[in-house]
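Just data-v6.cif here, mmCIF, C-alpha atoms:
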```
data_model
#
loop_
_atom_site.label_atom_id
_atom_site.label_comp_id
_atom_site.auth_asym_id
_atom_site.auth_seq_id
_atom_site.Cartn_x
_atom_site.Cartn_y
_atom_site.Cartn_z
CA MET C 1 29.13 -31.39 49.13
CA ALA C 2 30.73 -28.06 48.20
CA GLY C 3 29.25 -26.14 45.30
CA LYS C 4 31.07 -25.27 42.13
CA PRO C 5 33.71 -22.53 42.27
CA LYS C 6 32.30 -19.22 41.07
CA LEU C 7 34.52 -16.88 39.08
CA TYR C 8 33.93 -13.13 39.07
CA TYR C 9 35.52 -11.42 36.10
CA PHE C 10 34.87 -10.01 32.65
CA ASP C 11 33.76 -12.02 29.63
CA GLY C 12 37.31 -12.31 28.41
CA ARG C 13 40.70 -13.76 29.19
CA GLY C 14 42.67 -11.32 31.29
CA LYS C 15 44.11 -12.61 34.56
CA MET C 16 41.25 -15.05 35.05
CA GLU C 17 42.04 -17.20 32.02
CA SER C 18 44.86 -19.03 33.79
CA VAL C 19 42.38 -19.87 36.56
CA ARG C 20 39.98 -21.28 34.00
CA TRP C 21 42.78 -23.35 32.48
CA LEU C 22 43.82 -24.75 35.84
CA LEU C 23 40.27 -25.68 36.80
CA ALA C 24 39.72 -27.31 33.41
CA ALA C 25 42.94 -29.31 33.73
CA ALA C 26 41.84 -30.48 37.17
CA GLY C 27 38.45 -31.53 35.81
CA VAL C 28 36.57 -29.04 38.00
CA GLU C 29 33.34 -27.52 36.73
CA PHE C 30 32.86 -23.85 37.53
CA GLU C 31 30.36 -21.04 37.25
CA GLU C 32 31.00 -17.46 36.21
CA GLU C 33 29.50 -14.08 37.00
CA LEU C 34 30.56 -11.91 34.09
CA LEU C 35 31.04 -8.24 34.91
CA GLU C 36 29.41 -6.02 32.32
CA THR C 37 28.47 -2.89 34.28
CA ARG C 38 30.06 -0.56 36.79
CA GLU C 39 27.12 -1.30 39.09
CA GLN C 40 28.03 -5.00 39.32
CA TYR C 41 31.57 -4.09 40.30
CA GLU C 42 30.46 -1.52 42.84
CA LYS C 43 28.12 -4.02 44.45
CA LEU C 44 31.01 -6.44 44.96
CA LEU C 45 32.92 -3.59 46.59
CA GLN C 46 29.99 -2.63 48.82
CA ASP C 47 29.51 -6.25 49.87
CA GLY C 48 33.15 -6.46 50.92
CA ALA C 49 33.81 -9.28 48.45
CA LEU C 50 36.96 -7.72 46.98
CA MET C 51 39.63 -7.43 49.66
CA PHE C 52 41.88 -5.20 47.58
CA GLN C 53 39.08 -3.68 45.48
CA GLN C 54 39.98 -5.63 42.36
CA VAL C 55 39.19 -8.74 40.35
CA PRO C 56 39.71 -11.58 39.62
CA MET C 57 37.84 -13.06 42.55
CA VAL C 58 36.94 -16.70 43.03
CA GLU C 59 34.33 -17.90 45.50
CA ILE C 60 35.44 -21.39 46.57
CA ASP C 61 35.30 -23.59 49.67
CA GLY C 62 33.67 -20.85 51.75
CA MET C 63 36.30 -18.26 50.76
CA LYS C 64 36.33 -15.23 48.52
CA LEU C 65 39.84 -15.44 47.11
CA VAL C 66 41.48 -12.52 45.34
CA GLN C 67 44.99 -12.05 43.94
CA THR C 68 45.58 -14.28 40.94
CA ARG C 69 48.65 -16.01 42.32
CA ALA C 70 46.90 -16.89 45.58
CA ILE C 71 43.97 -18.35 43.65
CA LEU C 72 46.23 -20.41 41.40
CA ASN C 73 48.36 -21.62 44.32
CA TYR C 74 45.28 -22.85 46.15
CA LEU C 75 43.85 -24.63 43.14
CA ALA C 76 47.15 -26.27 42.21
CA ALA C 77 47.72 -27.53 45.76
CA THR C 78 44.12 -28.70 46.15
CA HIS C 79 44.19 -30.74 42.94
CA ASN C 80 47.67 -32.27 43.25
CA LEU C 81 49.17 -30.12 40.53
CA TYR C 82 51.81 -28.50 42.73
CA GLY C 83 54.56 -31.10 43.02
CA ARG C 84 55.32 -33.79 45.57
CA ASP C 85 57.73 -31.88 47.80
CA LEU C 86 59.14 -28.40 48.44
CA LYS C 87 61.86 -28.78 45.82
CA GLU C 88 59.36 -29.62 43.09
CA ARG C 89 57.11 -26.80 44.26
CA ALA C 90 60.01 -24.36 44.01
CA LEU C 91 60.70 -25.47 40.44
CA ILE C 92 57.03 -25.16 39.53
CA ASP C 93 56.97 -21.65 41.02
CA MET C 94 60.06 -20.69 39.04
CA TYR C 95 58.63 -21.93 35.73
CA VAL C 96 55.23 -20.36 36.39
CA GLU C 97 56.84 -17.00 37.18
CA GLY C 98 58.71 -17.15 33.89
CA THR C 99 55.64 -17.89 31.81
CA THR C 100 53.67 -15.26 33.74
CA ASP C 101 56.24 -12.62 32.78
CA LEU C 102 55.82 -13.56 29.12
CA MET C 103 52.04 -13.73 29.33
CA GLN C 104 51.84 -10.32 30.97
CA LEU C 105 53.21 -8.78 27.79
CA ILE C 106 50.29 -10.31 25.91
CA LEU C 107 47.60 -9.51 28.49
CA MET C 108 48.17 -5.79 28.12
CA PHE C 109 48.34 -5.94 24.30
CA PRO C 110 44.62 -5.24 23.58
CA PHE C 111 44.75 -2.02 25.61
CA LEU C 112 47.62 -0.45 23.66
CA SER C 113 47.48 2.13 20.89
CA ALA C 114 48.00 0.93 17.32
CA GLU C 115 51.55 2.28 17.34
CA ASP C 116 52.40 0.62 20.64
CA LYS C 117 50.82 -2.66 19.52
CA GLU C 118 53.32 -2.91 16.69
CA LYS C 119 56.22 -2.46 19.12
CA GLN C 120 54.69 -4.85 21.64
CA HIS C 121 54.13 -7.54 19.04
CA ALA C 122 57.81 -7.50 18.15
CA LEU C 123 58.76 -7.54 21.83
CA ILE C 124 56.51 -10.54 22.57
CA VAL C 125 58.03 -12.59 19.77
CA GLN C 126 61.56 -11.52 20.69
CA LYS C 127 61.15 -12.39 24.38
CA ALA C 128 59.46 -15.71 23.60
CA THR C 129 62.05 -16.91 21.09
CA ASN C 130 65.19 -15.53 22.73
CA ARG C 131 64.50 -15.80 26.46
CA TYR C 132 61.59 -17.97 27.55
CA PHE C 133 61.08 -20.75 25.01
CA PRO C 134 64.81 -21.60 24.81
CA ALA C 135 64.81 -22.05 28.60
CA TYR C 136 61.89 -24.49 28.57
CA GLU C 137 63.27 -26.26 25.51
CA LYS C 138 66.48 -26.89 27.44
CA VAL C 139 64.64 -28.16 30.53
CA LEU C 140 62.70 -30.71 28.51
CA ARG C 141 65.73 -31.75 26.46
CA ASP C 142 68.05 -32.10 29.45
CA HIS C 143 65.84 -34.31 31.61
CA GLY C 144 64.18 -36.16 28.73
CA GLN C 145 60.83 -36.41 30.50
CA ASP C 146 57.32 -35.62 29.33
CA TYR C 147 56.63 -32.87 31.84
CA LEU C 148 58.58 -29.97 33.29
CA VAL C 149 58.83 -31.14 36.91
CA GLY C 150 59.19 -34.62 38.37
CA ASN C 151 57.86 -36.35 35.24
CA GLN C 152 54.40 -35.52 36.53
CA PHE C 153 51.76 -33.23 35.04
CA SER C 154 51.63 -30.00 37.02
CA TRP C 155 50.52 -26.39 37.06
CA ALA C 156 53.82 -25.48 35.36
CA ASP C 157 52.84 -27.54 32.30
CA ILE C 158 49.39 -26.01 32.10
CA HIS C 159 50.79 -22.49 32.37
CA LEU C 160 53.44 -23.08 29.71
CA PHE C 161 50.89 -24.65 27.37
CA GLU C 162 48.62 -21.62 27.77
CA ALA C 163 51.55 -19.29 27.08
CA ILE C 164 52.52 -21.21 23.94
CA LEU C 165 49.00 -20.88 22.54
CA MET C 166 48.97 -17.16 23.34
CA VAL C 167 52.26 -16.52 21.55
CA GLU C 168 51.20 -18.66 18.58
CA GLU C 169 48.28 -16.27 18.14
CA LYS C 170 50.89 -13.58 17.51
CA LYS C 171 53.22 -15.74 15.40
CA CYS C 172 51.84 -19.10 14.28
CA ASP C 173 55.24 -20.70 13.58
CA VAL C 174 56.91 -19.51 16.78
CA LEU C 175 57.79 -23.09 17.79
CA SER C 176 59.53 -23.92 14.51
CA GLU C 177 62.97 -23.90 16.16
CA PHE C 178 61.86 -25.70 19.33
CA PRO C 179 61.26 -29.42 18.69
CA GLN C 180 60.90 -30.30 22.37
CA LEU C 181 58.20 -27.68 22.83
CA GLN C 182 56.43 -28.91 19.70
CA MET C 183 56.24 -32.40 21.20
CA PHE C 184 55.26 -30.96 24.57
CA LYS C 185 52.41 -28.99 22.99
CA ALA C 186 51.13 -32.05 21.12
CA ARG C 187 51.29 -34.16 24.27
CA ILE C 188 49.41 -31.68 26.45
CA SER C 189 46.80 -30.85 23.82
CA ASN C 190 45.86 -34.54 23.58
CA MET C 191 45.13 -34.93 27.28
CA PRO C 192 41.35 -35.51 27.54
CA ARG C 193 40.57 -32.58 29.86
CA ILE C 194 42.76 -30.18 27.91
CA LYS C 195 41.34 -31.40 24.62
CA LYS C 196 37.83 -30.78 25.92
CA PHE C 197 38.71 -27.23 27.02
CA LEU C 198 40.11 -26.50 23.56
CA GLU C 199 36.87 -27.50 21.87
CA PRO C 200 34.31 -24.92 20.72
CA GLY C 201 31.65 -24.25 23.33
CA SER C 202 33.95 -24.57 26.33
CA GLN C 203 34.45 -21.80 28.89
CA ARG C 204 37.75 -20.86 27.29
CA LYS C 205 37.63 -17.24 26.20
CA PRO C 206 38.48 -15.98 22.70
CA ILE C 207 41.17 -13.49 21.75
CA PRO C 208 40.26 -10.14 23.38
CA ASP C 209 38.40 -7.81 21.03
CA ASP C 210 37.35 -4.16 21.15
CA LYS C 211 34.15 -5.00 23.04
CA TYR C 212 36.14 -6.68 25.81
CA VAL C 213 38.52 -3.72 26.06
CA GLU C 214 35.65 -1.23 26.21
CA THR C 215 33.86 -3.26 28.90
CA VAL C 216 36.98 -3.43 31.09
CA ARG C 217 37.63 0.28 30.66
CA ARG C 218 34.02 1.15 31.50
CA VAL C 219 33.68 -1.09 34.54
CA LEU C 220 37.05 -0.15 36.02
CA GLN C 221 36.84 3.44 34.82
CA MET C 222 40.16 3.24 33.00
CA TYR C 223 40.52 6.59 31.31
CA TYR C 224 44.27 6.52 30.79
CA ASN C 225 46.35 5.07 27.97
CA VAL C 226 48.31 1.90 28.69
CA LYS C 227 51.92 2.08 27.57
CA ALA C 228 53.94 -0.71 25.99
CA SER C 229 56.44 -2.60 28.11
CA VAL C 230 60.15 -2.07 27.64
#
```
Let me see the file written as structure tokens.
Amino acid sequence: MAGKPKLYYFDGRGKMESVRWLLAAAGVEFEEELLETREQYEKLLQDGALMFQQVPMVEIDGMKLVQTRAILNYLAATHNLYGRDLKERALIDMYVEGTTDLMQLILMFPFLSAEDKEKQHALIVQKATNRYFPAYEKVLRDHGQDYLVGNQFSWADIHLFEAILMVEEKKCDVLSEFPQLQMFKARISNMPRIKKFLEPGSQRKPIPDDKYVETVRRVLQMYYNVKASV
């Protein structure tokens, strides 16, 4: 019997959080090695564990997988969360790419200057309410089904749910004009595995704080200032 997947990343959300969400939704227990020092990172490099010299990395089924999208693709396909045919998979990919674009604006937020954070906050809300959430609202309204693709729970639903929670942390009433997304959020949050992952004490990570930012900068030797997106 294969062991639990092992996740190599920082003690924070970043690009690994979507992997944690997908594993949780699939009901898969996992272990984590949390990077806290430059030495830990350098050892992974010396051992040849990081193909492109970067994390996240997931050790699973005899592989050391890097590149977030490759990891998520593998997990979704392995756990029947990637559609029933190529058409459904294409739709899932399209929706996931959209939510990833939105989430990327939020992932970089903790690393910005105070001035740039103010601009980025406005941009996140603007993009969510004018571009991304209206698109998903229309999908759900037009087909009248519970889930985004094929009336079956998939990676696309998990990813959108995660994105909704992330944007709500920036603007708590962001769904006020999106009744379909409100119902979608309630539906997903009441699924047993999702509900469990939302509970205190789970492996879900909190909103990134200064300690997380400092750890990432130290381990990766990030000495430059991140700029806001445009």
**Message:** Could you tell me, as a PyMOL selection string, exactly which residues end up selected when the PyMOL selection byres ((chain C and resi 180) around 8) is applied to this structure?
**Reply:** chain C and resi 137+140-141+178-179+181-184
**Asked** Out of C:Lys87, C:Lys64, C:Lys171, C:Arg217, which residue has the shortest atom-to-atom distance to Gly150 in chain C when counting all atoms listed in the file?
**Response**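 Distance minimum relative to Gly150 in chain C lands on C:Lys87.
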**Request:** Please write the residues picked by the PyMOL selection byres ((chain C and resi 212) around 10) on this file as a list in words.
**Result:**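 Against this file, the PyMOL selection byres ((chain C and resi 212) around 10) returns the residues Phe10, Asp11, Gly12, Arg13, Gly14, Glu36, Pro110, Phe111, Ile207, Pro208, Asp209, Asp210, Lys211, Val213, Glu214, Thr215, Val216, Arg217 and Arg218 of chain C.
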**Asked** the PyMOL selection byres ((chain C and resi 77) around 12) on the file shown: which residues, as number ranges by chain?
**Response** C: 22-23, 26, 70-76, 78-86, 89, 92-93, 154-155
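For the set C:Val19, C:Ala186, C:Ile124, C:Val66, the residue with the smallest atom-to-atom gap to Arg204 in chain C is C:Val19, counting all atoms listed in the file.
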**Asked** If you count all atoms listed in the file, which residues fall within 10 Å of Phe30 in chain C, apart from same-chain ones fewer than 5 positions away, as a count of residues only?
**Response** 11
**Asked** Interatomic distance between CA of Pro200 in chain C and CA of Phe109 in chain C?
**Response** 23.9 Å
**Between CA of Gln67 in chain C and CA of Gly98 in chain C, distance in Å (one decimal)** = 17.8 Å
**Distance criterion (all atoms listed in the file): nearest to Val96 in chain C out of C:Lys195, C:Lys185, C:His159, C:Lys117** = C:His159
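You can rank C:Leu45, C:Val149, C:Met191, C:Leu102 by their closest distance to Leu165 in chain C using all atoms listed in the file, and at the top of that list sits C:Leu102.
Atom pair CA of Val167 in chain C / CA of Phe133 in chain C: separated by 10.4 Å.
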**Message:** Here is a test: counting all atoms listed in the file, which residue of C:Glu88, C:Glu33, C:Asp61, C:Glu97 is nearest to Leu160 in chain C?
**Reply:**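 Smallest separation from Leu160 in chain C among the options: C:Glu97.
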**Item:** Non-local contacts of His121 in chain C (12 Å; only C-alpha atoms; under 2 positions in same chain excluded) as a ChimeraX atom specification
**Value:** /C:102,105-110,112-119,123-128,166-171,228-230
**Message:** Just checking: using all atoms listed in the file, which residue out of C:Val55, C:Ala25, C:Ile158, C:Val174 ends up closest to Arg193 in chain C?
**Reply:**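 When distances to Arg193 in chain C are compared using all atoms listed in the file, the smallest one comes from C:Ala25.
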